[in-house]
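Here's coords_18.txt, which has compact mmCIF, C-alpha atoms:
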```
# COMPACT_ATOMS: atom_id res chain seq x y z
CA MET A 19 12.72 4.45 19.71
CA GLY A 20 9.07 4.21 20.68
CA VAL A 21 7.64 5.67 17.48
CA ALA A 22 3.90 5.06 17.15
CA ARG A 23 3.10 4.03 13.58
CA THR A 24 -0.53 4.61 12.57
CA PRO A 25 -1.78 1.45 10.86
CA LEU A 26 -2.77 1.83 7.22
CA ILE A 27 -5.42 -0.29 5.54
CA ALA A 28 -5.14 0.32 1.79
CA GLY A 29 -7.58 -0.95 -0.81
CA ASN A 30 -6.12 -1.55 -4.28
CA TRP A 31 -9.08 -1.76 -6.64
CA LYS A 32 -6.88 -2.73 -9.59
CA MET A 33 -8.82 -2.49 -12.89
CA ASN A 34 -12.29 -2.55 -11.33
CA LEU A 35 -15.13 -0.03 -10.87
CA ASP A 36 -15.81 2.87 -13.21
CA HIS A 37 -16.14 6.44 -11.96
CA LEU A 38 -19.85 6.13 -11.19
CA GLN A 39 -19.36 2.84 -9.35
CA SER A 40 -16.51 4.40 -7.42
CA ILE A 41 -18.78 7.14 -6.08
CA ALA A 42 -21.32 4.63 -4.83
CA PHE A 43 -18.60 2.46 -3.32
CA VAL A 44 -16.86 5.27 -1.45
CA GLN A 45 -20.17 6.54 -0.09
CA LYS A 46 -21.10 3.08 1.19
CA LEU A 47 -17.66 2.53 2.67
CA ALA A 48 -17.73 5.87 4.47
CA TRP A 49 -21.20 5.10 5.84
CA ALA A 50 -20.18 1.64 7.00
CA LEU A 51 -17.15 2.97 8.85
CA ARG A 52 -19.09 5.88 10.31
CA ASP A 53 -21.85 3.59 11.55
CA ALA A 54 -19.19 1.43 13.19
CA LYS A 55 -17.70 4.55 14.80
CA HIS A 56 -14.36 3.91 13.15
CA SER A 57 -11.52 6.17 14.33
CA PHE A 58 -9.44 7.24 11.34
CA SER A 59 -6.82 8.69 13.69
CA ASP A 60 -6.27 5.20 15.09
CA VAL A 61 -6.40 3.32 11.77
CA GLU A 62 -5.97 5.12 8.46
CA VAL A 63 -8.05 3.85 5.53
CA ALA A 64 -7.26 4.67 1.90
CA VAL A 65 -8.57 3.55 -1.48
CA PHE A 66 -6.62 3.26 -4.73
CA PRO A 67 -9.02 3.53 -7.68
CA PRO A 68 -8.19 3.43 -11.39
CA PHE A 69 -7.00 6.74 -12.88
CA THR A 70 -10.40 7.50 -14.44
CA ASP A 71 -12.06 7.39 -11.01
CA LEU A 72 -9.69 9.67 -9.13
CA ARG A 73 -11.43 12.98 -9.84
CA SER A 74 -14.81 11.57 -8.81
CA VAL A 75 -13.38 10.10 -5.61
CA GLN A 76 -11.51 13.30 -4.79
CA THR A 77 -14.60 15.45 -5.33
CA LEU A 78 -16.75 13.21 -3.13
CA ILE A 79 -14.21 13.06 -0.32
CA ALA A 80 -13.78 16.85 -0.37
CA ALA A 81 -17.48 17.70 -0.68
CA ASP A 82 -18.61 15.32 2.07
CA LYS A 83 -15.51 15.94 4.20
CA LEU A 84 -14.79 12.22 4.38
CA GLU A 85 -11.76 11.05 6.33
CA LEU A 86 -10.84 8.40 3.76
CA GLY A 87 -7.55 8.79 1.98
CA HIS A 88 -7.02 8.10 -1.69
CA GLY A 89 -4.15 7.35 -4.01
CA ALA A 90 -3.26 6.14 -7.48
CA GLN A 91 -2.13 2.73 -8.68
CA ASP A 92 0.94 3.90 -10.62
CA LEU A 93 2.72 6.97 -11.99
CA SER A 94 5.28 7.90 -14.63
CA VAL A 95 8.96 8.49 -14.00
CA HIS A 96 8.47 11.62 -16.15
CA ASP A 97 6.86 14.87 -15.05
CA SER A 98 5.53 15.86 -18.49
CA GLY A 99 6.22 15.46 -22.18
CA ALA A 100 5.62 13.13 -25.12
CA TYR A 101 4.79 10.02 -23.12
CA THR A 102 1.45 8.82 -24.42
CA GLY A 103 -0.62 7.03 -21.83
CA GLU A 104 1.60 8.02 -18.91
CA ILE A 105 0.35 9.83 -15.79
CA SER A 106 2.54 12.42 -14.09
CA GLY A 107 2.90 12.70 -10.35
CA ALA A 108 1.99 16.37 -10.80
CA PHE A 109 -1.45 15.31 -12.04
CA LEU A 110 -1.93 13.08 -9.01
CA SER A 111 -0.92 15.85 -6.63
CA ALA A 112 -3.46 18.14 -8.31
CA LEU A 113 -6.11 15.53 -7.51
CA ALA A 114 -5.13 15.64 -3.82
CA CYS A 115 -3.76 12.10 -3.88
CA ARG A 116 -1.75 11.33 -0.78
CA TYR A 117 -0.41 7.97 -1.95
CA VAL A 118 0.63 6.11 -5.07
CA ILE A 119 1.35 2.40 -5.42
CA ILE A 120 4.68 1.66 -7.05
CA GLY A 121 6.17 -1.62 -8.23
CA HIS A 122 3.13 -3.82 -7.69
CA SER A 123 3.90 -7.39 -8.74
CA GLU A 124 1.44 -7.06 -11.62
CA ARG A 125 3.37 -4.05 -12.93
CA ARG A 126 6.62 -5.93 -12.52
CA GLN A 127 5.24 -9.03 -14.26
CA TYR A 128 3.04 -7.65 -17.03
CA HIS A 129 4.88 -4.38 -17.73
CA HIS A 130 8.38 -5.67 -17.01
CA GLU A 131 9.16 -2.97 -14.48
CA SER A 132 12.66 -3.47 -13.09
CA ASP A 133 13.88 -2.57 -9.62
CA GLU A 134 15.56 0.46 -11.18
CA VAL A 135 12.28 1.68 -12.71
CA VAL A 136 10.55 1.18 -9.36
CA ALA A 137 13.25 3.31 -7.72
CA GLN A 138 12.83 6.03 -10.37
CA LYS A 139 9.07 6.07 -9.85
CA THR A 140 9.58 6.31 -6.10
CA VAL A 141 11.77 9.37 -6.59
CA ALA A 142 9.17 10.86 -8.96
CA ALA A 143 6.42 10.35 -6.36
CA LEU A 144 8.46 12.01 -3.64
CA ARG A 145 9.27 14.88 -5.98
CA HIS A 146 5.56 15.69 -6.17
CA GLY A 147 4.79 15.31 -2.48
CA LEU A 148 3.22 11.88 -2.81
CA VAL A 149 3.82 9.01 -0.42
CA PRO A 150 4.97 6.00 -2.45
CA VAL A 151 3.66 2.60 -1.40
CA VAL A 152 6.58 0.54 -2.64
CA CYS A 153 5.68 -3.09 -3.28
CA VAL A 154 8.20 -5.89 -2.91
CA GLY A 155 7.75 -9.64 -2.92
CA GLU A 156 8.93 -12.99 -4.14
CA THR A 157 7.49 -15.68 -6.37
CA ALA A 158 7.20 -19.29 -5.26
CA GLU A 159 10.30 -20.01 -7.35
CA ASP A 160 12.20 -17.19 -5.63
CA LEU A 161 11.17 -18.51 -2.24
CA GLU A 162 12.40 -21.99 -3.05
CA ALA A 163 15.66 -20.79 -4.57
CA HIS A 164 16.61 -18.01 -2.16
CA GLY A 165 14.55 -18.51 0.98
CA PRO A 166 12.32 -15.96 2.69
CA SER A 167 13.12 -12.24 2.55
CA ALA A 168 16.14 -12.37 0.19
CA VAL A 169 14.31 -11.15 -2.92
CA PRO A 170 12.06 -8.57 -1.19
CA VAL A 171 15.04 -7.09 0.65
CA ALA A 172 17.09 -6.93 -2.56
CA GLN A 173 14.21 -5.16 -4.33
CA LEU A 174 13.87 -2.66 -1.50
CA GLN A 175 17.61 -1.98 -1.39
CA VAL A 176 17.51 -0.49 -4.90
CA VAL A 177 14.82 1.95 -3.76
CA LEU A 178 16.64 2.82 -0.54
CA ASP A 179 19.74 3.67 -2.53
CA ALA A 180 17.74 6.31 -4.43
CA ILE A 181 15.95 8.15 -1.60
CA SER A 182 16.96 10.42 1.26
CA VAL A 183 16.95 9.63 4.96
CA ASP A 184 13.87 11.79 5.58
CA ALA A 185 11.78 10.38 2.71
CA ASP A 186 8.21 9.45 3.68
CA VAL A 187 7.53 6.02 2.18
CA VAL A 188 5.38 3.00 2.88
CA VAL A 189 6.62 -0.49 2.07
CA ALA A 190 4.22 -3.28 1.13
CA TYR A 191 5.39 -6.88 1.32
CA GLU A 192 3.32 -8.89 -1.14
CA PRO A 193 4.43 -12.48 -1.69
CA VAL A 194 3.49 -13.09 -5.31
CA TRP A 195 2.59 -16.68 -4.50
CA ALA A 196 -0.14 -15.44 -2.12
CA ILE A 197 -1.76 -12.71 -4.24
CA GLY A 198 -5.21 -13.78 -5.39
CA SER A 199 -4.50 -17.37 -4.44
CA GLY A 200 -6.67 -17.44 -1.36
CA GLN A 201 -3.63 -18.81 0.45
CA ALA A 202 -2.09 -16.03 2.51
CA ALA A 203 1.30 -16.16 4.15
CA THR A 204 1.16 -17.06 7.81
CA PRO A 205 1.46 -14.16 10.25
CA GLU A 206 4.84 -15.56 11.27
CA GLN A 207 6.05 -15.61 7.66
CA ALA A 208 4.87 -12.03 7.17
CA GLN A 209 6.59 -10.91 10.36
CA GLN A 210 9.88 -12.56 9.37
CA VAL A 211 10.03 -10.72 6.05
CA CYS A 212 8.72 -7.41 7.40
CA ALA A 213 11.35 -7.50 10.15
CA ALA A 214 14.05 -8.09 7.53
CA LEU A 215 12.73 -5.16 5.48
CA ARG A 216 12.78 -2.89 8.53
CA ALA A 217 16.33 -3.98 9.28
CA ALA A 218 17.33 -3.07 5.72
CA ILE A 219 15.80 0.39 6.16
CA ALA A 220 17.66 0.82 9.46
CA GLU A 221 20.96 -0.17 7.88
CA LYS A 222 20.58 2.21 4.95
CA LEU A 223 18.60 5.17 6.32
CA GLY A 224 19.02 4.82 10.07
CA GLU A 225 17.02 3.63 13.06
CA ASP A 226 14.70 6.64 13.09
CA ALA A 227 13.64 6.04 9.50
CA ALA A 228 13.10 2.35 10.21
CA ALA A 229 11.03 3.13 13.28
CA ARG A 230 8.65 5.50 11.49
CA THR A 231 8.28 3.61 8.18
CA ARG A 232 5.07 1.65 7.88
CA ILE A 233 5.37 -1.83 6.41
CA LEU A 234 2.20 -3.48 5.12
CA TYR A 235 1.39 -7.08 4.28
CA GLY A 236 -0.58 -7.90 1.13
CA GLY A 237 -1.72 -11.17 -0.39
CA SER A 238 -5.14 -12.76 0.18
CA VAL A 239 -5.89 -10.50 3.14
CA LYS A 240 -9.41 -10.80 4.53
CA SER A 241 -11.31 -10.03 7.71
CA GLY A 242 -10.77 -13.58 8.92
CA ASN A 243 -6.97 -13.35 8.91
CA ILE A 244 -6.17 -9.65 9.41
CA ALA A 245 -5.99 -9.94 13.20
CA GLY A 246 -3.14 -12.42 13.02
CA PHE A 247 -1.09 -10.11 10.81
CA MET A 248 -1.78 -7.03 12.91
CA ASN A 249 -0.59 -8.82 16.04
CA GLN A 250 2.90 -8.92 14.55
CA LYS A 251 5.45 -6.35 15.71
CA ASP A 252 6.58 -5.24 12.26
CA VAL A 253 3.29 -5.41 10.32
CA ASP A 254 1.68 -1.97 10.24
CA GLY A 255 -1.30 -2.59 8.00
CA ALA A 256 -2.42 -4.28 4.84
CA LEU A 257 -2.54 -3.70 1.10
CA VAL A 258 -5.82 -5.37 0.24
CA GLY A 259 -6.74 -6.50 -3.26
CA GLY A 260 -9.91 -8.45 -4.03
CA ALA A 261 -11.43 -7.99 -0.58
CA SER A 262 -11.24 -4.21 -0.98
CA LEU A 263 -14.02 -4.42 -3.58
CA ASP A 264 -16.51 -5.66 -0.97
CA VAL A 265 -17.67 -2.81 1.27
CA ASP A 266 -18.59 -5.01 4.22
CA GLU A 267 -15.43 -7.09 4.01
CA PHE A 268 -13.10 -4.14 3.55
CA SER A 269 -14.69 -2.16 6.37
CA ALA A 270 -14.34 -5.24 8.59
CA ILE A 271 -10.64 -5.43 7.71
CA ALA A 272 -10.25 -1.73 8.56
CA ARG A 273 -11.88 -2.40 11.92
CA PHE A 274 -9.32 -5.09 12.76
CA ARG A 275 -8.95 -3.77 16.31
CA GLN A 276 -12.35 -5.25 17.05
CA HIS A 277 -10.94 -8.65 16.16
CA VAL A 278 -7.49 -8.29 17.62
CA GLY A 279 -8.00 -6.21 20.71
CA THR A 280 -5.14 -3.94 21.64
CA VAL A 281 -2.29 -4.24 19.17
```
Let's see the structure in the file written out as structure tokens.
Amino acid sequence: MGVARTPLIAGNWKMNLDHLQSIAFVQKLAWALRDAKHSFSDVEVAVFPPFTDLRSVQTLIAADKLELGHGAQDLSVHDSGAYTGEISGAFLSALACRYVIIGHSERRQYHHESDEVVAQKTVAALRHGLVPVVCVGETAEDLEAHGPSAVPVAQLQVVLDAISVDADVVVAYEPVWAIGSGQAATPEQAQQVCAALRAAIAEKLGEDAAARTRILYGGSVKSGNIAGFMNQKDVDGALVGGASLDVDEFSAIARFRQHVGTV
């Protein structure tokens, strides 16, 4: 197959930084990466601010011609209508978002989003030209009861059933037991699950789709452990949470090639 997948380092800010703070952060991040001579064609870097920051981030990126990408943390299954508090994919497209996170474990846990809702949101994102970053992952209880990969693969299957062979998606494996715990999965654990996810894509959408789809690892990612993950065959980047709020740390994660050598 031989498809070259451009690594993606994605920073999920969650509910942090207002629109003024976001401007300062993006400027500092862009400067840090520029000073380090980061090649965005070799490693893509994107930030995922809260909704209220998106216009400010978009304006800054466009005005200063920054190579950073940006996306949203969620979207509605609906395109418009009487859905108070919801955000349409059309709105995100109008703000030049390339990506949108869908099905993050916090949305699944706190907002009771089912696999079916995640699939509907994925379809909505694709409908508006957005690249969905579909999150899957298991709790510690899931891991003990079903073993590695069973729950993430089952979650992904529902999405795969709803999309076409040529859909452009990113998959993010985030073991719930690792998020914010400071205890990341081992690179070998991440590789095992990411390989199973890629196999599921191949079975449903074909080998070409599996070869081009980027699969990220997320869960207590930091500059000290990113190299181990990026050395794995089926790990194509990282969805970074807390560490993405530290400019120096996040830029160091994005520059993982300096730690890992040739991947």
Distance table requested - region 19-74 of chain A against region 258-266 of chain A, cut-off 12 Å, only C-alpha atoms: one row per qualifying residue with the closest atom pair and its distance in Å to one decimal, ordered by chain and rising residue number, as JSON lines.
```
{"residue": "A:Leu26", "atom": "CA", "partner": "A:Val258", "partner_atom": "CA", "distance": 10.5}
{"residue": "A:Ile27", "atom": "CA", "partner": "A:Val258", "partner_atom": "CA", "distance": 7.4}
{"residue": "A:Ala28", "atom": "CA", "partner": "A:Val258", "partner_atom": "CA", "distance": 5.9}
{"residue": "A:Gly29", "atom": "CA", "partner": "A:Val258", "partner_atom": "CA", "distance": 4.9}
{"residue": "A:Asn30", "atom": "CA", "partner": "A:Gly259", "partner_atom": "CA", "distance": 5.1}
{"residue": "A:Trp31", "atom": "CA", "partner": "A:Gly259", "partner_atom": "CA", "distance": 6.3}
{"residue": "A:Lys32", "atom": "CA", "partner": "A:Gly259", "partner_atom": "CA", "distance": 7.4}
{"residue": "A:Met33", "atom": "CA", "partner": "A:Gly259", "partner_atom": "CA", "distance": 10.6}
{"residue": "A:Asn34", "atom": "CA", "partner": "A:Leu263", "partner_atom": "CA", "distance": 8.2}
{"residue": "A:Leu35", "atom": "CA", "partner": "A:Leu263", "partner_atom": "CA", "distance": 8.6}
{"residue": "A:Gln39", "atom": "CA", "partner": "A:Leu263", "partner_atom": "CA", "distance": 10.7}
{"residue": "A:Ser40", "atom": "CA", "partner": "A:Leu263", "partner_atom": "CA", "distance": 9.9}
{"residue": "A:Ala42", "atom": "CA", "partner": "A:Val265", "partner_atom": "CA", "distance": 10.3}
{"residue": "A:Phe43", "atom": "CA", "partner": "A:Val265", "partner_atom": "CA", "distance": 7.1}
{"residue": "A:Val44", "atom": "CA", "partner": "A:Val265", "partner_atom": "CA", "distance": 8.6}
{"residue": "A:Gln45", "atom": "CA", "partner": "A:Val265", "partner_atom": "CA", "distance": 9.8}
{"residue": "A:Lys46", "atom": "CA", "partner": "A:Val265", "partner_atom": "CA", "distance": 6.8}
{"residue": "A:Leu47", "atom": "CA", "partner": "A:Val265", "partner_atom": "CA", "distance": 5.5}
{"residue": "A:Ala48", "atom": "CA", "partner": "A:Val265", "partner_atom": "CA", "distance": 9.3}
{"residue": "A:Trp49", "atom": "CA", "partner": "A:Val265", "partner_atom": "CA", "distance": 9.8}
{"residue": "A:Ala50", "atom": "CA", "partner": "A:Asp266", "partner_atom": "CA", "distance": 7.4}
{"residue": "A:Leu51", "atom": "CA", "partner": "A:Asp266", "partner_atom": "CA", "distance": 9.3}
{"residue": "A:Asp53", "atom": "CA", "partner": "A:Asp266", "partner_atom": "CA", "distance": 11.8}
{"residue": "A:Ala54", "atom": "CA", "partner": "A:Asp266", "partner_atom": "CA", "distance": 11.1}
{"residue": "A:Val63", "atom": "CA", "partner": "A:Ser262", "partner_atom": "CA", "distance": 10.8}
{"residue": "A:Ala64", "atom": "CA", "partner": "A:Ser262", "partner_atom": "CA", "distance": 10.1}
{"residue": "A:Val65", "atom": "CA", "partner": "A:Ser262", "partner_atom": "CA", "distance": 8.2}
{"residue": "A:Phe66", "atom": "CA", "partner": "A:Ser262", "partner_atom": "CA", "distance": 9.6}
{"residue": "A:Pro67", "atom": "CA", "partner": "A:Leu263", "partner_atom": "CA", "distance": 10.2}
```
So which residues touch Ala114 (chain A) within 12 Å, counting all atoms listed in the file, skipping near sequence neighbours fewer than 2 positions away, as a VMD selection string?
chain A and resid 72 to 80 86 to 90 107 to 112 116 to 118 146 to 149
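CA of Ile244 (chain A) lies 10.6 Å from CA of Phe268 (chain A).
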Would you pick out the contacts of region 161-176 of chain A at 12 Å or less, using all atoms listed in the file, so that residues sharing its chain but fewer than 2 positions from it are not included, and give the list as a ChimeraX atom specification?
/A:120-123,126,131-141,151-159,178-181,187-196,203,206-223,233
Pick from A:Leu84, A:Cys115, A:Ala185, A:Ala202: nearest to Val239 (chain A), with only C-alpha atoms counted?
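So, comparing all the options, the nearest one is A:Ala202.
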What is the distance between CA of Ser94 (chain A) and CA of Val183 (chain A), in Å to one decimal?
22.9 Å
Have a look at A:Asp97, A:Asp36, A:Asp160, A:Asp92 and name the one nearest to His129 (chain A); count all atoms listed in the file.
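Under the stated criterion, the closest residue is A:Asp92.
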